[in-house]
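File shown here: run.tsv, holding TSV, C-alpha atoms and all ligand atoms.
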chain	number	residue	atom	x	y	z
A	21	MET	CA	142.71	146.66	175.80
A	22	ALA	CA	139.99	148.88	177.24
A	23	ASN	CA	137.68	150.99	175.07
A	24	LEU	CA	138.69	149.45	171.81
A	25	PRO	CA	137.44	151.44	168.84
A	26	ARG	CA	135.12	149.83	166.31
A	27	VAL	CA	136.93	149.80	162.99
A	28	VAL	CA	135.34	149.23	159.59
A	29	ILE	CA	137.80	148.71	156.76
A	30	LEU	CA	136.89	148.88	153.06
A	31	THR	CA	139.39	147.38	150.66
A	32	GLY	CA	139.62	147.46	146.88
A	33	ALA	CA	141.81	146.07	144.13
A	34	GLY	CA	144.79	148.28	145.09
A	35	ILE	CA	145.52	146.18	148.17
A	36	SER	CA	146.02	143.09	146.01
A	37	ALA	CA	148.02	144.82	143.23
A	38	GLU	CA	151.38	143.96	144.83
A	39	SER	CA	150.22	140.36	145.18
A	40	GLY	CA	150.16	140.11	141.38
A	41	LEU	CA	146.46	140.76	140.69
A	42	LYS	CA	145.50	143.53	138.31
A	43	THR	CA	143.35	146.44	139.47
A	44	PHE	CA	140.41	147.53	137.31
A	45	ARG	CA	141.04	151.15	136.40
A	46	ASP	CA	144.82	151.67	136.54
A	47	SER	CA	146.74	151.60	133.28
A	48	ASN	CA	146.74	148.00	131.95
A	49	GLY	CA	143.92	147.30	134.44
A	50	LEU	CA	141.22	144.73	133.77
A	51	TRP	CA	138.80	147.27	132.33
A	52	GLU	CA	141.39	148.52	129.86
A	53	ASN	CA	141.55	145.07	128.26
A	54	HIS	CA	137.89	144.05	128.61
A	55	LYS	CA	134.71	146.05	128.27
A	56	ILE	CA	132.69	145.98	131.51
A	57	GLU	CA	129.50	145.51	129.52
A	58	ASP	CA	130.95	142.43	127.74
A	59	VAL	CA	131.95	140.47	130.85
A	60	ALA	CA	130.51	141.94	134.04
A	61	THR	CA	126.78	142.45	133.56
A	62	PRO	CA	123.75	140.12	133.62
A	63	GLU	CA	123.13	141.12	129.99
A	64	ALA	CA	126.64	139.98	128.99
A	65	PHE	CA	126.05	136.61	130.69
A	66	ALA	CA	122.72	136.19	128.89
A	67	GLY	CA	124.17	137.24	125.51
A	68	ASN	CA	127.60	135.55	125.52
A	69	PRO	CA	127.91	133.19	128.51
A	70	ASP	CA	131.07	131.50	127.17
A	71	LEU	CA	132.96	134.81	127.19
A	72	VAL	CA	131.82	135.54	130.76
A	73	TYR	CA	132.61	132.02	132.06
A	74	GLY	CA	136.02	132.26	130.34
A	75	PHE	CA	136.84	135.66	131.89
A	76	TYR	CA	136.17	134.40	135.42
A	77	ASN	CA	137.75	130.96	134.78
A	78	ASP	CA	140.98	132.76	133.82
A	79	ARG	CA	140.88	135.00	136.89
A	80	ARG	CA	140.10	132.01	139.16
A	81	ALA	CA	143.10	130.14	137.72
A	82	GLN	CA	145.35	133.18	138.10
A	83	LEU	CA	144.38	133.61	141.75
A	84	GLN	CA	145.62	130.07	142.41
A	85	LEU	CA	149.06	130.54	140.81
A	86	PRO	CA	151.86	129.93	143.33
A	87	ASN	CA	153.23	133.49	143.00
A	88	VAL	CA	149.89	135.09	144.00
A	89	LYS	CA	150.08	135.47	147.78
A	90	PRO	CA	148.86	137.90	150.45
A	91	ASN	CA	151.21	140.86	150.93
A	92	ARG	CA	152.18	142.87	154.03
A	93	ALA	CA	149.03	145.00	153.78
A	94	HIS	CA	146.73	141.96	153.99
A	95	GLU	CA	148.85	140.66	156.88
A	96	ALA	CA	148.68	143.97	158.76
A	97	LEU	CA	144.85	143.97	158.60
A	98	ALA	CA	144.78	140.40	159.93
A	99	SER	CA	147.09	141.44	162.79
A	100	LEU	CA	144.73	144.33	163.65
A	101	GLU	CA	141.90	141.82	163.94
A	102	SER	CA	144.03	139.57	166.14
A	103	VAL	CA	144.45	142.50	168.57
A	104	PHE	CA	141.05	144.26	168.29
A	105	GLY	CA	139.01	141.06	167.72
A	106	ASN	CA	135.41	141.46	166.59
A	107	ASN	CA	135.73	145.24	166.78
A	108	VAL	CA	137.24	144.97	163.32
A	109	LEU	CA	135.00	144.37	160.29
A	110	LEU	CA	136.70	144.00	156.94
A	111	VAL	CA	134.46	144.75	153.96
A	112	THR	CA	136.12	143.96	150.68
A	113	GLN	CA	135.11	144.69	147.11
A	114	ASN	CA	137.73	142.15	146.08
A	115	VAL	CA	136.71	138.73	144.85
A	116	ASP	CA	140.11	137.18	145.66
A	117	ASN	CA	140.79	135.25	148.88
A	118	LEU	CA	143.98	137.03	149.95
A	119	HIS	CA	142.49	138.52	153.14
A	120	GLU	CA	141.42	135.06	154.33
A	121	ARG	CA	144.79	133.59	153.43
A	122	ALA	CA	146.47	136.32	155.51
A	123	GLY	CA	144.32	135.33	158.51
A	124	SER	CA	141.37	137.78	158.49
A	125	LYS	CA	138.14	136.14	159.69
A	126	ASN	CA	135.52	138.85	160.20
A	127	ILE	CA	135.16	139.63	156.51
A	128	ILE	CA	132.37	140.46	154.11
A	129	HIS	CA	132.82	139.96	150.35
A	130	MET	CA	130.32	142.50	149.09
A	131	HIS	CA	131.06	141.76	145.40
A	132	GLY	CA	131.18	137.96	145.71
A	133	LYS	CA	134.03	135.47	145.44
A	134	LEU	CA	136.06	134.05	142.58
A	135	LEU	CA	136.47	130.65	144.28
A	136	SER	CA	132.72	130.14	144.39
A	137	SER	CA	129.94	129.25	141.95
A	138	ARG	CA	126.26	130.04	142.33
A	139	CYS	CA	123.45	127.70	141.27
A	140	ILE	CA	121.14	129.52	138.86
A	141	ASN	CA	118.15	127.55	140.14
A	142	SER	CA	118.58	127.48	143.95
A	143	GLY	CA	120.80	130.55	144.33
A	144	ARG	CA	123.11	128.53	146.59
A	145	SER	CA	126.85	129.24	146.57
A	146	HIS	CA	129.38	126.40	146.29
A	147	THR	CA	133.10	126.53	146.93
A	148	TRP	CA	134.60	126.06	143.44
A	149	HIS	CA	138.30	126.05	142.55
A	150	SER	CA	138.28	124.75	138.98
A	151	LYS	CA	136.87	125.86	135.62
A	152	PHE	CA	133.15	125.64	135.02
A	153	ASP	CA	130.72	126.58	132.28
A	154	ALA	CA	127.08	126.18	131.29
A	155	SER	CA	127.48	122.39	131.01
A	156	THR	CA	128.84	121.93	134.57
A	157	PRO	CA	126.08	120.52	136.81
A	158	CYS	CA	125.39	122.10	140.18
A	159	PRO	CA	125.77	119.82	143.22
A	160	CYS	CA	122.52	120.98	144.86
A	161	CYS	CA	119.51	120.32	142.55
A	162	THR	CA	117.81	117.28	141.03
A	163	PRO	CA	117.88	117.45	138.09
A	164	ALA	CA	121.15	119.41	138.25
A	165	SER	CA	121.06	123.01	137.13
A	166	ALA	CA	123.67	125.32	135.59
A	167	MET	CA	125.82	127.66	137.68
A	168	ARG	CA	127.08	131.20	137.22
A	169	PRO	CA	130.14	132.96	138.63
A	170	ASP	CA	129.39	134.00	142.24
A	171	ILE	CA	130.17	137.61	141.43
A	172	VAL	CA	128.06	140.75	141.82
A	173	TRP	CA	127.88	142.26	138.35
A	174	PHE	CA	127.14	145.86	137.41
A	175	GLY	CA	123.41	146.42	137.79
A	176	GLU	CA	123.12	143.89	140.65
A	177	MET	CA	122.84	144.61	144.37
A	178	PRO	CA	126.03	144.04	146.40
A	179	MET	CA	125.77	141.44	149.16
A	180	TYR	CA	125.19	141.99	152.92
A	181	MET	CA	124.42	145.71	152.54
A	182	ASP	CA	122.27	145.84	155.71
A	183	ASN	CA	125.11	144.46	157.85
A	184	ILE	CA	127.62	146.83	156.26
A	185	ILE	CA	125.52	149.96	156.73
A	186	LEU	CA	124.78	149.03	160.36
A	187	ALA	CA	128.50	148.57	161.06
A	188	LEU	CA	129.32	151.89	159.36
A	189	THR	CA	126.83	153.77	161.52
A	190	LYS	CA	128.51	152.35	164.65
A	191	ALA	CA	132.11	152.76	163.51
A	192	ASP	CA	134.64	154.88	165.40
A	193	ILE	CA	137.18	154.57	162.59
A	194	PHE	CA	136.63	153.99	158.86
A	195	LEU	CA	139.60	153.00	156.71
A	196	SER	CA	139.45	152.92	152.92
A	197	ILE	CA	142.35	151.09	151.28
A	198	GLY	CA	143.24	150.67	147.59
A	199	THR	CA	139.97	151.71	146.03
A	200	SER	CA	139.35	154.41	143.43
A	201	GLY	CA	136.02	155.48	144.94
A	202	GLN	CA	134.29	155.22	141.57
A	203	VAL	CA	131.83	152.41	142.22
A	204	TYR	CA	128.73	152.76	144.39
A	205	PRO	CA	127.52	151.82	146.90
A	206	ALA	CA	131.07	151.28	148.30
A	207	ALA	CA	132.10	154.77	147.20
A	208	GLY	CA	129.41	156.18	149.50
A	209	PHE	CA	130.56	154.36	152.66
A	210	VAL	CA	132.90	157.17	153.74
A	211	GLN	CA	129.97	159.61	153.85
A	212	VAL	CA	127.87	157.20	155.97
A	213	ALA	CA	130.74	156.69	158.43
A	214	LYS	CA	131.52	160.41	158.54
A	215	ASP	CA	127.88	161.34	159.18
A	216	SER	CA	127.96	158.89	162.12
A	217	GLY	CA	131.01	160.63	163.61
A	218	ALA	CA	133.76	158.21	162.58
A	219	ARG	CA	137.38	159.24	161.99
A	220	THR	CA	137.85	158.62	158.26
A	221	VAL	CA	141.20	157.60	156.78
A	222	GLU	CA	142.21	156.89	153.20
A	223	LEU	CA	145.26	154.80	152.29
A	224	ASN	CA	145.83	154.67	148.55
A	225	LEU	CA	148.44	155.03	145.85
A	226	GLN	CA	146.87	158.29	144.73
A	227	PRO	CA	143.96	160.40	146.02
A	228	SER	CA	140.67	158.67	145.23
A	229	ASP	CA	137.57	160.36	143.81
A	230	LYS	CA	136.30	160.69	147.38
A	231	CYS	CA	139.55	162.02	148.93
A	232	ALA	CA	137.95	165.30	150.09
A	233	LEU	CA	135.69	163.37	152.48
A	234	PHE	CA	138.54	161.83	154.48
A	235	ASP	CA	139.96	163.36	157.66
A	236	GLU	CA	143.38	161.85	156.94
A	237	SER	CA	145.04	160.58	153.80
A	238	TYR	CA	148.22	158.50	153.39
A	239	LEU	CA	149.54	158.00	149.88
A	240	GLY	CA	151.84	155.20	148.76
A	241	ARG	CA	151.97	151.49	148.08
A	242	ALA	CA	149.66	149.46	150.29
A	243	SER	CA	152.44	147.09	151.39
A	244	MET	CA	154.28	150.11	152.87
A	245	ILE	CA	151.63	152.46	154.20
A	246	VAL	CA	149.08	149.96	155.55
A	247	PRO	CA	151.46	148.19	157.99
A	248	GLN	CA	152.77	151.60	159.14
A	249	PHE	CA	149.30	152.94	159.79
A	250	ILE	CA	148.01	149.75	161.45
A	251	HIS	CA	150.99	149.52	163.78
A	252	SER	CA	150.55	153.16	164.79
A	253	LEU	CA	146.83	152.50	165.45
A	254	ILE	CA	147.65	149.51	167.66
A	255	ASP	CA	150.33	151.55	169.52
A	256	GLU	CA	147.90	154.44	169.97
A	257	TYR	CA	145.37	152.21	171.72
A	258	ALA	CA	148.02	150.39	173.76
A	259	LEU	CA	149.05	153.83	175.07
A	260	THR	CA	145.42	154.73	175.87
A	261	GLN	CA	145.22	151.48	177.83
A	262	GLN	CA	148.42	152.22	179.78
A	263	ASN	CA	147.21	155.72	180.63
A	264	SER	CA	143.85	154.41	181.80
A	265	LEU	CA	145.71	152.08	184.23
A	266	LEU	CA	147.80	154.91	185.74
Y	301	LIG	N1	148.76	150.30	146.79
Y	301	LIG	C1	147.69	151.07	147.10
Y	301	LIG	N2	146.77	151.47	146.19
Y	301	LIG	C2	146.96	151.07	144.92
Y	301	LIG	C3	148.04	150.28	144.52
Y	301	LIG	C4	148.99	149.88	145.52
Y	301	LIG	N3	150.06	149.13	145.24
Y	301	LIG	N4	147.95	150.06	143.18
Y	301	LIG	C5	146.85	150.70	142.77
Y	301	LIG	N5	146.24	151.32	143.81
Y	301	LIG	C6	145.01	152.12	143.83
Y	301	LIG	C7	144.77	152.92	142.57
Y	301	LIG	O1	145.38	154.19	142.69
Y	301	LIG	C8	143.24	153.02	142.54
Y	301	LIG	O2	142.80	154.19	143.23
Y	301	LIG	O3	143.92	151.21	143.91
Y	301	LIG	C9	142.78	151.77	143.29
Y	301	LIG	C10	142.16	150.71	142.40
Y	301	LIG	O4	140.98	151.20	141.85
Y	301	LIG	P1	140.05	150.31	140.90
Y	301	LIG	O5	140.89	149.65	139.85
Y	301	LIG	O6	138.93	151.18	140.45
Y	301	LIG	O7	139.53	149.13	141.87
Y	301	LIG	P2	138.34	149.18	142.92
Y	301	LIG	O8	138.18	150.52	143.51
Y	301	LIG	O9	138.54	148.02	143.82
Y	301	LIG	O10	137.09	148.88	141.99
Y	301	LIG	C11	135.81	148.80	142.57
Y	301	LIG	O11	134.85	148.16	140.50
Y	301	LIG	O12	134.88	147.02	138.50
Y	301	LIG	C12	134.45	147.00	139.79
Y	301	LIG	O13	133.63	145.17	140.93
Y	301	LIG	C13	134.85	145.80	140.59
Y	301	LIG	O14	135.19	145.63	142.97
Y	301	LIG	C14	135.52	146.38	141.81
Y	301	LIG	C15	134.96	147.79	141.86
Could you show the structure in this file as structure tokens?
Amino acid sequence: MANLPRVVILTGAGISAESGLKTFRDSNGLWENHKIEDVATPEAFAGNPDLVYGFYNDRRAQLQLPNVKPNRAHEALASLESVFGNNVLLVTQNVDNLHERAGSKNIIHMHGKLLSSRCINSGRSHTWHSKFDASTPCPCCTPASAMRPDIVWFGEMPMYMDNIILALTKADIFLSIGTSGQVYPAAGFVQVAKDSGARTVELNLQPSDKCALFDESYLGRASMIVPQFIHSLIDEYALTQQNSLL
């Protein structure tokens, strides 16, 4: 298709809710049952590492349960990439692997990954599917070092920010899906895209904290509204292509 738009998509926990993974801030969300400062900060890891390892070991195990699978929203985003190719960049705050399992390839995990460990000594990440704790040796150092969850905690800098900001400044379309807009820097992405002239679209169960900054808003469950929107976007550009051939 000619003149494909550059699309940057930000996803949050809401896109994985219908796949069986809890969000953070909805009722019965993860932060209702755990205090952020007990499990998701460098200070928590220093003060009570067993609690922090346990929290992420449980979430890693849950992600690998047979009933946890990508849903139609993840699949729709993968199908957009299969049509628009590298013009699509998916930036996710999610630490699950449901986008990859649905087929997305051009993806940035700005908050890290559950199925990964990080060596405390070398800083290297290692694909890791099982439990680990302070006594589990890293595979990269001699003598072996301890590893931490490969997660960006509160107070730490999200990953790949330079790449993300560059893509936002070049985007024609910015989609925000299933995120409450409460956590920076991701909550500020809509403003960056808007200032660069992008069409900004929110797809969420309810209006996010940043809803006023979006040109368009679609409310509902991700598995319903995301496929609808993505198919209309693909149709829109197929039509542009047909018209440009007339
Ligand atoms: N479909 C669409 N949206 C949904 C659905 C659904 N089925 N279910 C819930 N939502 C929406 C909620 O309305 C809410 O606005 O998803 C959003 C989830 O918000 P949060 O729980 O705050 O999750 P998120 O925005 O991803 O959190 C950002 O905070 O704690 C940190 O690091 C963690 O990456 C996370 C970051």
Neighbouring residues of ligand LIG 301 (chain Y) are defined here as those with any atom at most 8 Å from a ligand atom, counting only C-alpha atoms and all ligand atoms; list them as a count of residues only. 44
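Here the question is which of A:Val108, A:Leu233, A:Ile127, A:Ile193 gets nearest to Ala207 in chain A using all atoms listed in the file, and that residue is A:Leu233.
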Just the number, please: distance in Å from CA of Tyr73 in chain A to CA of Asn141 in chain A, one decimal. 17.2 Å
Could you build a table of the residues in range 34-102 of chain A lying no more than 12 Å from range 150-163 of chain A, giving for each the nearest pair of atoms and their separation in Å rounded to one decimal place, using only C-alpha atoms, ordered by chain and ascending residue number, as a tab-separated table?
residue	atom	partner	partner_atom	distance
A:Phe65	CA	A:Ala154	CA	10.5
A:Ala66	CA	A:Ala154	CA	11.2
A:Asn68	CA	A:Ala154	CA	11.0
A:Pro69	CA	A:Ala154	CA	7.6
A:Asp70	CA	A:Asp153	CA	7.1
A:Leu71	CA	A:Asp153	CA	9.9
A:Val72	CA	A:Asp153	CA	9.2
A:Tyr73	CA	A:Asp153	CA	5.8
A:Gly74	CA	A:Asp153	CA	8.0
A:Phe75	CA	A:Lys151	CA	10.5
A:Tyr76	CA	A:Lys151	CA	8.6
A:Asn77	CA	A:Lys151	CA	5.2
A:Asp78	CA	A:Lys151	CA	8.2
A:Arg79	CA	A:Lys151	CA	10.1
A:Arg80	CA	A:Ser150	CA	7.5
A:Ala81	CA	A:Ser150	CA	7.3
A:Gln82	CA	A:Ser150	CA	11.0
A:Leu83	CA	A:Ser150	CA	11.1
A:Gln84	CA	A:Ser150	CA	9.7
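A straight line drawn from CA of Pro86 in chain A to CA of Leu118 in chain A is 12.5 Å long.
Atom pair CA of Tyr204 in chain A / CA of Ile185 in chain A has a distance of 13.1 Å (rounded to one decimal).
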Write out as a PyMOL selection string which residues come within 7 Å of Glu222 in chain A when counting all atoms listed in the file, dropping same-chain ones fewer than 3 positions away. chain A and resi 195-197+234+236-238
C-alpha atoms of the current selection, written as a compact mmCIF listing (two decimals), in the frame of the given file:
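result_30.txt was written with the following content:
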# COMPACT_ATOMS: atom_id res chain seq x y z
CA LEU A 195 139.60 153.00 156.71
CA SER A 196 139.45 152.92 152.92
CA ILE A 197 142.35 151.09 151.28
CA PHE A 234 138.54 161.83 154.48
CA GLU A 236 143.38 161.85 156.94
CA SER A 237 145.04 160.58 153.80
CA TYR A 238 148.22 158.50 153.39
Counting only C-alpha atoms, find residues at most 12 Å from (144.3, 133.7, 159.1) (file frame) and give them as a PyMOL selection string. chain A and resi 90+94-102+117-127
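The nearest approach to Thr61 in chain A among the residues A:Arg219, A:His129, A:His149, A:Arg168, with all atoms listed in the file taken into account, belongs to A:Arg168.
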For Ala258 in chain A: contacts at 12 Å, all atoms listed in the file, fewer than 6 positions along chain excluded, given as a PyMOL selection string: chain A and resi 21-25+103-104+251-252+264-265
Which residue, A:Ser39, A:Met130, A:Pro169, A:Leu186, has the smallest gap to Ser145 in chain A when you use only C-alpha atoms? A:Pro169
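Proximity of A:Ile171, A:Ile29, A:Leu135, A:Met179 to Asp192 in chain A, computed with only C-alpha atoms, is greatest for A:Ile29.
In this comparison, which uses all atoms listed in the file, the residue of A:Pro247, A:Tyr180, A:Val111, A:Lys133 approaching Ala93 in chain A most closely is A:Pro247.
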